[in-house]
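Undergrad: Please see the structure below; I have some questions.
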Amino acid sequence: MPRELTQNRIQKIWIPSKDDRPSMPRTSRGGPHLANPPTVIVMVGLPARGKTYISRKLTRYLNWIGIPTKVFNVGEYRREAVKHYSSYDFFKSDNEDAVKIRQQCALAALRDVKNYLTEEEGQVAVFDATNTTRERRDMILEFGAENGFKIFFIESVCDDPNVIACNILEVKVSCPDYQDCNKTDAMEDFKKRIECYRMNYQPLDPDQYDKNVSFIKVIDVGRRFLVNRIQDHIQSRIVYYLMNIHVQPRSIYLCRHGESQHNLQGRLGGDSGLSTRGRKYAGALAKFVEEQNLKGLKVWTSQLRRSIQTAEALNVPYEQWKALNEIDAGVCEEMTYEEVRERFPEEFALRDQDKYYYRYPSGESYQDLVQRVEPVIMELERQENVLVICHQAVMRCLLAYFLDKSADEMPYLKCPLHTVLKLTPVAYGCKVESISLNVDAVNTHRDRPEEVKRGPSTLIRRNSVTPLTSPEPNKKPRIEGLDDPIIREVTPAQLTLCSASHTTLALSTQNLKICSIECHEPPQLCL
Amino acid sequence: MSMEQKELTQTPLLKIWVPGMGSSLGQRRGSSRPQFTNCPTMIVMVGLPARGKTYISKKLTRYLNWIGVPTQVFNLGQYRREVVQTYKNYEFFRPDNEEAMKIRRACASNALKDIANYFTKEQGQVAVFDATNTTRERRGVIISFAKEKGYKVFFIESVCDDPEIIEENIMQVKLSSPDYENYDKEEALVDFLKRIDCYKMSYVPLDEEKDRHLSFIKIFNVGSRYLVNRVQDHIQSRIVYYLMNIHVTPRSIYLSRHGESELNLLGRIGGDTGLSSQGQKYAKALAEFIRGQSIKDLKVWTSHMKRTIQTAEALGVPYEQWKALNEIDAGVCEELTYEEIQATHPEEFALRDQDKYRYRYPKGESYEDLVHRLEPVIMELERQENVLVICHQAVMRCLLAYFLDKTADDLPYLKCPLHTVLKLTPLAYGCKVESFYLNIQAVNTHRDRPTNVNVARKPEEALQTVPEHL
């Protein structure tokens with residue numbers, strides 16, 4: 001007898017009834033075949049080759065598509081063990097004490113990797129260190145084999161002195177190690193540091209030594225790639241992602257369509273046209289775009305009338321993406337929130353309980369939206385200057401990707417009408433400028449209700465996505481329990497923070513001006 | 001500052017908002033996603049014979065056409081076979097055979113002419129030049145040609161030195177080639193190996209250093225390694241991703257619809273109902289069938305809709321739900337019968353018959369939208385080995401069209417009856433299809449294109465091909 005199916009109330013997913021054993025493994029959260037076994041991504045390369053940049057960006061992407069991922073940066077462990085960085089001498093290969101410490105740090109990091117993947121339900125751990133010797137990599141491969149983890153190496157190879165110098169200036173010179181140095185001295189010291197590694201550097205060898213190892217060699221910042229023995233879906237996605245990202249300076253502009261007729265009436269969804277103010281906004285947007293004077297700007301819209309009307313005012317070619325359409329509110333389409341509350345009180349309450357996973361009956365959830373919008377993100381990575389004219393929920397998804405926001409935060413990100421968010425990649429993160437175009441509009445934002453009881457934990461489906469913010473690196477000392485004593489006292493390092501606040505942006509509607517610049521840059525990390 | 005807002009109208013077929021009266025679409029393409037191809041691209045295969053060039057050419061072409069990028073293969077061997085009516089032996093390919101060289105060069109030149117024609121007169125977007133292209137000189141000719149015309153060039157080189165793989169390739173596709181009609185197997189193999197030797201001497205593979213300005217992917221040993229250089233644009237990136245996901249391990253893909261549903265019985269489209277009693281019988285029969293097939297490591301996929309999940313439940317094995325496999329969204333026509341659609345939306349009904357592939361239901365989807373939605377499923381199917389996909393009529397048509405290389409015109413009319421499993425097994429350059437009707441009665445849900453698709457047609461004409469229901 002086939003088991004009875006019920007549709008779970010928040011996600012509207014059909015599952016066998018509660019009194020039966022579930023048929024599917026509950027373990028995986030992301031795409032297919034990611035549950036078993038977990039993967040350790042191992043970065044390889046000399047300092048200033050973009051390893052940390054890649055680690056952080058990749059981690060952000062994987063978390064956004066629902067694969068719990070965390071970076072383990074060995075340099076950070078070292079900064080905790082060695083209170084004060086004096087000079088590149090620390091990295092000399094004949095500095096026995098230092099070598100011991102560095103080895104211990106690597107082991108400590110691997111211990112935390114193991115813990116993350118086995119005890120904390122992590123699926124991918126990114127081991128961010130130089131890993132430039134065969135000895136070190138063999139040790140990691142053994143570690144993987146012992147614990148049943150898959151190992152995938154990402155090696156970054158670059159010999160262009162301009163690129164290296166640029167990297168050093170952007171992220172090394174301002175790193176905690178060089179707090180008390182001036183730029184020139186820092187640059188000099190760092191270059192000598194690189195030389196310490198270079199002598200013993202054994203790149204991955206696809207022809208002989210490493211021919212059975214799974215890896216990708218990224219050469220000259222993505223000009224060329226060597227890909228060896230991709231084992232599974234996640235490695236294939238990672239390779240595809242790495243081949244699409246670039247480091248050309250550019251900006252991404254996100255905004256919603258101008259105020260629509262439905263917005264005025266407080267109605268969800270639908271396909272109405274712009275209101276008078278919405279049309280005014282479109283005009284203001286055209287002027288704004290012109291003033292930005294951008295090279296080769298691409299304009300993307302959804303296939304809904306209001307976003308296309310907005311783009312039309314710009315008088316430039318634009319591309320329509322169905323994937324950018326607003327979240328489908330199913331049976332609630334075109335209702336006001338009051339009408340929803342009246343006609344579907346239970347649904348209304350459920351949505352507030354878990355806005356990310358909640359799927360409208362015959363409609364979509366934010367979780368569905370992320371999956372739908374992923375190809376747009378991939379193409380945004382390929383592109384340079386782009387203006388995306390979309391919708392509230394969609395914009396929240398995109399923003400969550402760029403600003404590394406969790407599933408929990410995403411549905412409550414503030415994306416008001418008539419405001420452009422300008423995102424510019426900077427160092428390891430993204431600078432956000434919020435520009436209000438000074439045209440009044442209704443407020444369509446509903447805050448998270450105060451008294452919301454969390455319902456039973458939602459079922460995490462395969463092929464459904466659950467963005468997680470990339471986990472903060474551990475700050476507490478963790479070199480306890482190793483055999484050799486640490487030379488200096490262990491204290492938490494001072495991490496440079498640019499700005500940790502994500503408070504609401506105060507929007508001025510008086511003048512067309514940049515209201516606030518939020519520097520979203522996670523702590524500086526380096527080796 | 002006044003902004004003249006052009007009025008937008010929604011095109012009746014595609015439901016796309018365009019400025020003006022909407023009659024001329026102009027530059028507004030109607031699909032769900034931007035195509036990203038402005039410049040025609042030449043994909044140039046490189047490699048010794050029996051390295052899988054034609055296999056890759058055909059498979060890649062099939063994929064690109066399915067996702068909506070008009071692509072065509074230009075196989076030099078075919079040009080040669082037309083000029084040189086009968087193939088004698090490998091001596092034709094000897095590098096010192098001047099006469100043959102002349103012919104081969106002329107063939108290449110004709111192929112390039114046809115490619116130019118395909119781009120300019122036939123709106124082609126990608127041309128796959130399937131030949132050995134093993135010398136730098138030949139590749140130079142192609143690059144100059146492309147530069148002159150403004151085409152992008154992307155090389156795909158297949159490198160393989162595993163003699164077992166080569167022999168397997170020869171056995172699978174060369175021996176049955178027209179060239180070897182009058183040879184016996186052993187002789188053919190010997191001759192073909194000598195043919196390969198003719199090329200080996202002058203073979204100059206793509207070089208990391210010397211060819212660093214070219215865009216290419218080098219595939220080693222059937223995909224165990226790849227070298228990718230200078231991917232220029234979106235389409236090349238997609239091609240690389242596709243090539244890295246395909247494999248040649250033998251396996252089968254089983255496609256089936258859910259068991260007959262309650263709405264099926266009533267002749268209603270869409271919705272999310274459960275199985276009828278016949279549908280439940282089918283689910284059990286499917287379980288038995290699958291057991292009988294003794295499939296190694298079978299993965300089972302369903303949609304998020306109750307009827308496919310109920311069907312999978314009967315199998316008693318783990319299954320995975322994909323929202324992307326959900327049936328086409330019929331928008332305002334959800335849960336209506338065809339008769340009701342004709343009564344309430346006669347114009348829409350006629351438009352759909354006019355262009356069933358591109359027609360988008362009001363507030364719903366088109367087959368074209370469905371294809372884009374299904375692309376990640378196809379990509380994952382390529383990665384996988386044995387898979388059973390339990391889905392829906394329109395979805396199954398899309399998947400089938402991909403595997404069997406059906407056009408957009410044929411796709412919406414492919415026959416995918418209830419209670420029938422299609423087993424697809426890759427074979428040579430294509431796909432073998434076996435159809436298993438599990439002998440459980442079900443309604444027919446297939447609606448052929450009626451003769452009269454005019455908006456002004458009479459209701460009887462519109463409903464001419466509607467299958468019977470309760």
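Residues are referred to by chain and number: the chain letter is A, B, ... according to the order shown in the structure tokens, the number counts from 1 in that chain, and ligands are numbered separately from 1 in the order shown.
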Please identify all residues of chain A having at least one atom at most 8 Å from any atom of chain B, considering only C-alpha atoms, and return them as a PyMOL selection string.
TA: chain A and resi 1-3+5+13-14+23-25+222-230+233+236+240+243-244+279-280+283+303-305+308-309+312-313+319-323+379+382+461-463
Undergrad: Rounded to one decimal in Å, what is the spacing between CA of Glu135 in chain A and CA of Phe153 in chain A?
TA: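 If I compute the distance from CA of Glu135 in chain A to CA of Phe153 in chain A, I get 14.4 Å.
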Undergrad: One decimal, in Å: what's the spacing between CA of Glu339 in chain A and CA of Arg267 in chain A?
TA: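 Separation between CA of Glu339 in chain A and CA of Arg267 in chain A: 9.1 Å.
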Undergrad: Which residues are close to range 61-66 of chain B, i.e. within 8 Å by only C-alpha atoms, leaving aside same-chain residues fewer than 2 positions away? Reply as a list in words.
TA: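 The filter keeps Ser57, Lys58, Lys59, Gly68, Val69, Pro70, Thr71, Gln72, Val73, Val128, Val371, Ala401, Tyr402, Asp405, Thr407 and Ala408 of chain B.
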Undergrad: Can you tell me which residues surround Asp94 in chain A at a distance of at most 12 Å, considering only C-alpha atoms, apart from same-chain residues fewer than 3 positions away, and format the answer as a list in words?
TA: Asp89, Phe90, Phe91, Asp97, Ala98, Val99, Lys100, Cys196, Tyr197, Met199 and Asn200 of chain A
Undergrad: Could you turn the residues from that selection into a file that holds N, CA and C atoms, as a PDB file, in the first residue's frame?
TA:
ATOM      1  N   ASP A  89      61.100  37.149   8.313  1.00  0.00           N
ATOM      2  CA  ASP A  89      61.991  36.113   8.839  1.00  0.00           C
ATOM      3  C   ASP A  89      61.209  34.919   9.388  1.00  0.00           C
ATOM      4  N   PHE A  90      59.990  35.233   9.861  1.00  0.00           N
ATOM      5  CA  PHE A  90      59.151  34.168  10.402  1.00  0.00           C
ATOM      6  C   PHE A  90      58.934  33.075   9.370  1.00  0.00           C
ATOM      7  N   PHE A  91      58.921  33.478   8.110  1.00  0.00           N
ATOM      8  CA  PHE A  91      58.571  32.525   7.062  1.00  0.00           C
ATOM      9  C   PHE A  91      59.768  31.850   6.411  1.00  0.00           C
ATOM     10  N   ASP A  97      61.681  27.060  14.831  1.00  0.00           N
ATOM     11  CA  ASP A  97      60.568  27.310  15.750  1.00  0.00           C
ATOM     12  C   ASP A  97      59.316  27.705  14.985  1.00  0.00           C
ATOM     13  N   ALA A  98      59.528  28.597  14.032  1.00  0.00           N
ATOM     14  CA  ALA A  98      58.380  29.076  13.259  1.00  0.00           C
ATOM     15  C   ALA A  98      57.757  27.941  12.461  1.00  0.00           C
ATOM     16  N   VAL A  99      58.613  27.116  11.892  1.00  0.00           N
ATOM     17  CA  VAL A  99      58.097  25.987  11.106  1.00  0.00           C
ATOM     18  C   VAL A  99      57.194  25.114  11.968  1.00  0.00           C
ATOM     19  N   LYS A 100      57.642  24.912  13.203  1.00  0.00           N
ATOM     20  CA  LYS A 100      56.835  24.082  14.111  1.00  0.00           C
ATOM     21  C   LYS A 100      55.472  24.713  14.359  1.00  0.00           C
ATOM     22  N   CYS A 196      60.319  33.392   0.383  1.00  0.00           N
ATOM     23  CA  CYS A 196      60.514  32.268   1.313  1.00  0.00           C
ATOM     24  C   CYS A 196      59.742  31.044   0.861  1.00  0.00           C
ATOM     25  N   TYR A 197      58.552  31.274   0.346  1.00  0.00           N
ATOM     26  CA  TYR A 197      57.734  30.155  -0.102  1.00  0.00           C
ATOM     27  C   TYR A 197      58.201  29.630  -1.450  1.00  0.00           C
ATOM     28  N   MET A 199      60.942  29.132  -2.911  1.00  0.00           N
ATOM     29  CA  MET A 199      62.033  28.163  -3.010  1.00  0.00           C
ATOM     30  C   MET A 199      61.538  26.725  -2.921  1.00  0.00           C
ATOM     31  N   ASN A 200      60.531  26.507  -2.061  1.00  0.00           N
ATOM     32  CA  ASN A 200      60.073  25.129  -1.872  1.00  0.00           C
ATOM     33  C   ASN A 200      58.756  24.830  -2.577  1.00  0.00           C
TER      34      ASN A 200
END
Undergrad: If you run DSSP on the backbone, which residues of range 227-426 of chain B are strand (DSSP E), as an mmCIF file with all heavy atoms, in the first residue's frame?
TA:
data_model
loop_
_atom_site.group_PDB
_atom_site.id
_atom_site.type_symbol
_atom_site.label_atom_id
_atom_site.label_comp_id
_atom_site.auth_asym_id
_atom_site.auth_seq_id
_atom_site.Cartn_x
_atom_site.Cartn_y
_atom_site.Cartn_z
ATOM 1 N N LEU B 227 42.082 21.330 -20.507
ATOM 2 C CA LEU B 227 42.830 22.576 -20.479
ATOM 3 C C LEU B 227 41.965 23.600 -21.189
ATOM 4 O O LEU B 227 41.578 23.405 -22.334
ATOM 5 C CB LEU B 227 44.161 22.419 -21.219
ATOM 6 C CG LEU B 227 45.024 23.680 -21.223
ATOM 7 C CD1 LEU B 227 45.621 23.934 -19.844
ATOM 8 C CD2 LEU B 227 46.155 23.561 -22.247
ATOM 9 N N VAL B 228 41.623 24.662 -20.497
ATOM 10 C CA VAL B 228 40.705 25.650 -21.051
ATOM 11 C C VAL B 228 41.445 26.981 -21.173
ATOM 12 O O VAL B 228 42.023 27.451 -20.203
ATOM 13 C CB VAL B 228 39.480 25.835 -20.128
ATOM 14 C CG1 VAL B 228 38.513 26.855 -20.704
ATOM 15 C CG2 VAL B 228 38.787 24.510 -19.908
ATOM 16 N N ASN B 229 41.426 27.574 -22.356
ATOM 17 C CA ASN B 229 42.166 28.816 -22.579
ATOM 18 C C ASN B 229 41.276 29.920 -23.136
ATOM 19 O O ASN B 229 40.609 29.726 -24.141
ATOM 20 C CB ASN B 229 43.313 28.540 -23.556
ATOM 21 C CG ASN B 229 44.369 29.622 -23.524
ATOM 22 O OD1 ASN B 229 44.991 29.868 -22.490
ATOM 23 N ND2 ASN B 229 44.576 30.301 -24.639
ATOM 24 N N ILE B 253 18.599 5.866 -19.371
ATOM 25 C CA ILE B 253 17.713 6.846 -18.740
ATOM 26 C C ILE B 253 16.283 6.400 -19.003
ATOM 27 O O ILE B 253 15.900 6.158 -20.148
ATOM 28 C CB ILE B 253 17.947 8.242 -19.324
ATOM 29 C CG1 ILE B 253 19.357 8.712 -18.956
ATOM 30 C CG2 ILE B 253 16.917 9.233 -18.797
ATOM 31 C CD1 ILE B 253 19.802 9.936 -19.692
ATOM 32 N N TYR B 254 15.506 6.278 -17.939
ATOM 33 C CA TYR B 254 14.115 5.870 -18.064
ATOM 34 C C TYR B 254 13.233 7.089 -17.850
ATOM 35 O O TYR B 254 13.351 7.779 -16.838
ATOM 36 C CB TYR B 254 13.774 4.818 -17.002
ATOM 37 C CG TYR B 254 14.552 3.531 -17.141
ATOM 38 C CD1 TYR B 254 15.867 3.433 -16.693
ATOM 39 C CD2 TYR B 254 13.983 2.391 -17.722
ATOM 40 C CE1 TYR B 254 16.588 2.249 -16.820
ATOM 41 C CE2 TYR B 254 14.688 1.208 -17.855
ATOM 42 C CZ TYR B 254 15.996 1.152 -17.406
ATOM 43 O OH TYR B 254 16.705 -0.022 -17.530
ATOM 44 N N LEU B 255 12.346 7.350 -18.821
ATOM 45 C CA LEU B 255 11.424 8.466 -18.672
ATOM 46 C C LEU B 255 10.004 7.915 -18.582
ATOM 47 O O LEU B 255 9.608 7.056 -19.367
ATOM 48 C CB LEU B 255 11.492 9.403 -19.890
ATOM 49 C CG LEU B 255 12.811 10.074 -20.211
ATOM 50 C CD1 LEU B 255 12.659 10.973 -21.429
ATOM 51 C CD2 LEU B 255 13.305 10.900 -19.027
ATOM 52 N N SER B 256 9.271 8.442 -17.628
ATOM 53 C CA SER B 256 7.879 8.020 -17.509
ATOM 54 C C SER B 256 7.068 9.165 -16.933
ATOM 55 O O SER B 256 7.601 10.037 -16.247
ATOM 56 C CB SER B 256 7.805 6.802 -16.586
ATOM 57 O OG SER B 256 6.533 6.688 -15.994
ATOM 58 N N ARG B 257 5.777 9.165 -17.205
ATOM 59 C CA ARG B 257 4.904 10.122 -16.541
ATOM 60 C C ARG B 257 4.411 9.511 -15.233
ATOM 61 O O ARG B 257 4.590 8.315 -14.975
ATOM 62 C CB ARG B 257 3.704 10.456 -17.432
ATOM 63 C CG ARG B 257 4.085 11.305 -18.630
ATOM 64 C CD ARG B 257 2.962 11.367 -19.628
ATOM 65 N NE ARG B 257 1.802 12.101 -19.115
ATOM 66 C CZ ARG B 257 0.652 12.189 -19.777
ATOM 67 N NH1 ARG B 257 0.514 11.547 -20.942
ATOM 68 N NH2 ARG B 257 -0.360 12.858 -19.283
ATOM 69 N N LYS B 299 18.983 6.021 -9.821
ATOM 70 C CA LYS B 299 18.499 7.200 -9.121
ATOM 71 C C LYS B 299 17.071 7.454 -9.593
ATOM 72 O O LYS B 299 16.781 7.283 -10.780
ATOM 73 C CB LYS B 299 19.348 8.421 -9.488
ATOM 74 C CG LYS B 299 20.825 8.267 -9.147
ATOM 75 C CD LYS B 299 21.155 8.879 -7.824
ATOM 76 C CE LYS B 299 22.403 8.327 -7.193
ATOM 77 N NZ LYS B 299 23.620 8.401 -8.022
ATOM 78 N N VAL B 300 16.211 7.869 -8.705
ATOM 79 C CA VAL B 300 14.826 8.162 -9.084
ATOM 80 C C VAL B 300 14.529 9.629 -8.811
ATOM 81 O O VAL B 300 14.756 10.114 -7.706
ATOM 82 C CB VAL B 300 13.832 7.265 -8.316
ATOM 83 C CG1 VAL B 300 12.404 7.607 -8.712
ATOM 84 C CG2 VAL B 300 14.136 5.803 -8.579
ATOM 85 N N TRP B 301 14.042 10.320 -9.816
ATOM 86 C CA TRP B 301 13.694 11.735 -9.671
ATOM 87 C C TRP B 301 12.208 11.930 -9.939
ATOM 88 O O TRP B 301 11.640 11.308 -10.830
ATOM 89 C CB TRP B 301 14.488 12.588 -10.670
ATOM 90 C CG TRP B 301 15.969 12.580 -10.469
ATOM 91 C CD1 TRP B 301 16.665 12.025 -9.439
ATOM 92 C CD2 TRP B 301 16.944 13.165 -11.332
ATOM 93 N NE1 TRP B 301 18.006 12.226 -9.605
ATOM 94 C CE2 TRP B 301 18.207 12.944 -10.754
ATOM 95 C CE3 TRP B 301 16.877 13.868 -12.529
ATOM 96 C CZ2 TRP B 301 19.395 13.384 -11.337
ATOM 97 C CZ3 TRP B 301 18.052 14.312 -13.113
ATOM 98 C CH2 TRP B 301 19.293 14.073 -12.521
ATOM 99 N N THR B 302 11.599 12.842 -9.157
ATOM 100 C CA THR B 302 10.200 13.212 -9.400
ATOM 101 C C THR B 302 10.102 14.732 -9.416
ATOM 102 O O THR B 302 11.084 15.418 -9.174
ATOM 103 C CB THR B 302 9.280 12.711 -8.275
ATOM 104 O OG1 THR B 302 9.559 13.482 -7.088
ATOM 105 C CG2 THR B 302 9.491 11.247 -7.967
ATOM 106 N N GLU B 320 14.327 11.677 -5.354
ATOM 107 C CA GLU B 320 14.668 13.076 -5.163
ATOM 108 C C GLU B 320 13.636 13.940 -5.865
ATOM 109 O O GLU B 320 13.289 13.669 -7.017
ATOM 110 C CB GLU B 320 16.019 13.303 -5.816
ATOM 111 C CG GLU B 320 16.864 14.281 -5.114
ATOM 112 C CD GLU B 320 18.254 14.287 -5.689
ATOM 113 O OE1 GLU B 320 18.901 13.213 -5.679
ATOM 114 O OE2 GLU B 320 18.662 15.345 -6.164
ATOM 115 N N GLN B 321 13.164 14.983 -5.229
ATOM 116 C CA GLN B 321 12.151 15.857 -5.837
ATOM 117 C C GLN B 321 12.804 17.077 -6.470
ATOM 118 O O GLN B 321 13.604 17.749 -5.849
ATOM 119 C CB GLN B 321 11.160 16.343 -4.781
ATOM 120 C CG GLN B 321 10.373 15.243 -4.090
ATOM 121 C CD GLN B 321 9.319 15.814 -3.165
ATOM 122 O OE1 GLN B 321 8.949 16.969 -3.277
ATOM 123 N NE2 GLN B 321 8.825 15.006 -2.259
ATOM 124 N N VAL B 387 19.195 6.569 -14.404
ATOM 125 C CA VAL B 387 18.210 7.426 -13.750
ATOM 126 C C VAL B 387 16.805 7.113 -14.259
ATOM 127 O O VAL B 387 16.616 6.877 -15.449
ATOM 128 C CB VAL B 387 18.491 8.925 -14.038
ATOM 129 C CG1 VAL B 387 17.552 9.812 -13.221
ATOM 130 C CG2 VAL B 387 19.926 9.278 -13.729
ATOM 131 N N LEU B 388 15.835 7.128 -13.341
ATOM 132 C CA LEU B 388 14.424 7.054 -13.723
ATOM 133 C C LEU B 388 13.801 8.402 -13.387
ATOM 134 O O LEU B 388 13.868 8.840 -12.243
ATOM 135 C CB LEU B 388 13.715 5.947 -12.939
ATOM 136 C CG LEU B 388 12.177 5.997 -12.934
ATOM 137 C CD1 LEU B 388 11.601 5.809 -14.329
ATOM 138 C CD2 LEU B 388 11.599 4.946 -11.977
ATOM 139 N N VAL B 389 13.246 9.058 -14.401
ATOM 140 C CA VAL B 389 12.618 10.362 -14.192
ATOM 141 C C VAL B 389 11.110 10.202 -14.302
ATOM 142 O O VAL B 389 10.591 9.824 -15.354
ATOM 143 C CB VAL B 389 13.093 11.396 -15.244
ATOM 144 C CG1 VAL B 389 12.479 12.760 -14.941
ATOM 145 C CG2 VAL B 389 14.602 11.490 -15.251
ATOM 146 N N ILE B 390 10.411 10.459 -13.193
ATOM 147 C CA ILE B 390 8.943 10.373 -13.212
ATOM 148 C C ILE B 390 8.414 11.793 -13.286
ATOM 149 O O ILE B 390 8.506 12.551 -12.324
ATOM 150 C CB ILE B 390 8.419 9.683 -11.939
ATOM 151 C CG1 ILE B 390 9.050 8.293 -11.806
ATOM 152 C CG2 ILE B 390 6.891 9.575 -11.994
ATOM 153 C CD1 ILE B 390 8.725 7.606 -10.495
ATOM 154 N N CYS B 391 7.865 12.153 -14.446
ATOM 155 C CA CYS B 391 7.474 13.546 -14.614
ATOM 156 C C CYS B 391 6.101 13.670 -15.257
ATOM 157 O O CYS B 391 5.194 12.921 -14.929
ATOM 158 C CB CYS B 391 8.563 14.285 -15.402
ATOM 159 S SG CYS B 391 8.966 13.521 -16.966
ATOM 160 N N THR B 420 3.444 4.363 -19.780
ATOM 161 C CA THR B 420 4.453 3.852 -20.712
ATOM 162 C C THR B 420 5.809 4.378 -20.302
ATOM 163 O O THR B 420 5.973 5.574 -20.076
ATOM 164 C CB THR B 420 4.157 4.338 -22.147
ATOM 165 O OG1 THR B 420 2.810 4.029 -22.455
ATOM 166 C CG2 THR B 420 5.090 3.683 -23.141
ATOM 167 N N VAL B 421 6.789 3.459 -20.193
ATOM 168 C CA VAL B 421 8.146 3.860 -19.839
ATOM 169 C C VAL B 421 8.995 3.889 -21.098
ATOM 170 O O VAL B 421 8.956 2.961 -21.903
ATOM 171 C CB VAL B 421 8.786 2.858 -18.848
ATOM 172 C CG1 VAL B 421 10.173 3.330 -18.442
ATOM 173 C CG2 VAL B 421 7.907 2.665 -17.632
ATOM 174 N N LEU B 422 9.739 4.971 -21.283
ATOM 175 C CA LEU B 422 10.683 5.023 -22.399
ATOM 176 C C LEU B 422 12.085 4.819 -21.858
ATOM 177 O O LEU B 422 12.520 5.551 -20.966
ATOM 178 C CB LEU B 422 10.594 6.368 -23.118
ATOM 179 C CG LEU B 422 9.314 6.636 -23.889
ATOM 180 C CD1 LEU B 422 9.420 7.968 -24.623
ATOM 181 C CD2 LEU B 422 9.017 5.529 -24.895
ATOM 182 N N LYS B 423 12.775 3.824 -22.407
ATOM 183 C CA LYS B 423 14.143 3.555 -21.958
ATOM 184 C C LYS B 423 15.103 4.059 -23.036
ATOM 185 O O LYS B 423 15.052 3.613 -24.187
ATOM 186 C CB LYS B 423 14.329 2.044 -21.748
ATOM 187 C CG LYS B 423 15.751 1.654 -21.378
ATOM 188 C CD LYS B 423 15.862 0.148 -21.128
ATOM 189 C CE LYS B 423 17.304 -0.254 -20.838
ATOM 190 N NZ LYS B 423 17.435 -1.684 -20.549
ATOM 191 N N LEU B 424 15.938 5.015 -22.666
ATOM 192 C CA LEU B 424 16.875 5.621 -23.620
ATOM 193 C C LEU B 424 18.279 5.140 -23.324
ATOM 194 O O LEU B 424 18.760 5.266 -22.198
ATOM 195 C CB LEU B 424 16.835 7.146 -23.494
ATOM 196 C CG LEU B 424 15.456 7.786 -23.627
ATOM 197 C CD1 LEU B 424 15.497 9.226 -23.149
ATOM 198 C CD2 LEU B 424 14.980 7.736 -25.069
ATOM 199 N N THR B 425 18.930 4.589 -24.349
ATOM 200 C CA THR B 425 20.305 4.116 -24.171
ATOM 201 C C THR B 425 21.182 4.736 -25.242
ATOM 202 O O THR B 425 20.908 4.558 -26.432
ATOM 203 C CB THR B 425 20.364 2.585 -24.267
ATOM 204 O OG1 THR B 425 19.318 2.035 -23.478
ATOM 205 C CG2 THR B 425 21.691 2.063 -23.751
ATOM 206 N N PRO B 426 22.230 5.477 -24.847
ATOM 207 C CA PRO B 426 23.115 6.066 -25.855
ATOM 208 C C PRO B 426 23.754 4.972 -26.693
ATOM 209 O O PRO B 426 24.172 3.937 -26.165
ATOM 210 C CB PRO B 426 24.178 6.802 -25.029
ATOM 211 C CG PRO B 426 23.691 6.831 -23.645
ATOM 212 C CD PRO B 426 22.698 5.741 -23.474
#
Undergrad: Using DSSP on the backbone coordinates, identify the residues of range 91-284 of chain B assigned to alpha helix (DSSP H); present them as a PyMOL selection string.
TA: chain B and resi 98-120+136-149+163-169+185-200+234-245+262-265+277-284
Undergrad: Quick one: distance from CA of Cys105 in chain A to CA of Val71 in chain A in Å, one decimal?
TA: 14.5 Å
Undergrad: Go through A:Ala108, A:Leu294, A:Ile234, A:Leu268 and flag the residue nearest Gly330 in chain A, using only C-alpha atoms for the distances.
TA: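 The shortest atom-to-atom distance to Gly330 in chain A comes from A:Leu268.
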Undergrad: Can you tell me, as a ChimeraX atom specification, what residues are no more than 12 Å from Phe145 in chain B when counting only C-alpha atoms, ignoring any on the same chain fewer than 6 positions away?
TA: /B:42,108-109,111-113,115-116,138-139,151-153
Undergrad: Within 7 Å of Val173 in chain A, counting only C-alpha atoms, which residues qualify if same-chain residues fewer than 4 places away don't, as a VMD selection string?
TA: chain A and resid 168 to 169 178 183 186 to 187
Undergrad: Of the candidates B:Lys281, B:Arg80, B:Lys356, B:Arg447, which one gets nearest to Arg105 in chain B if we count only C-alpha atoms?
TA: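 Counting only C-alpha atoms, the residue closest to Arg105 in chain B is B:Arg80.
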Undergrad: Using only C-alpha atoms, which protein or nucleic acid residues come within 10 Å of Lys150 in chain A? Drop anything in the same chain fewer than 2 positions from it, and give the result as a PyMOL selection string.
TA: chain A and resi 36-41+124+141+143-145+147-148+152+214+231-232+235
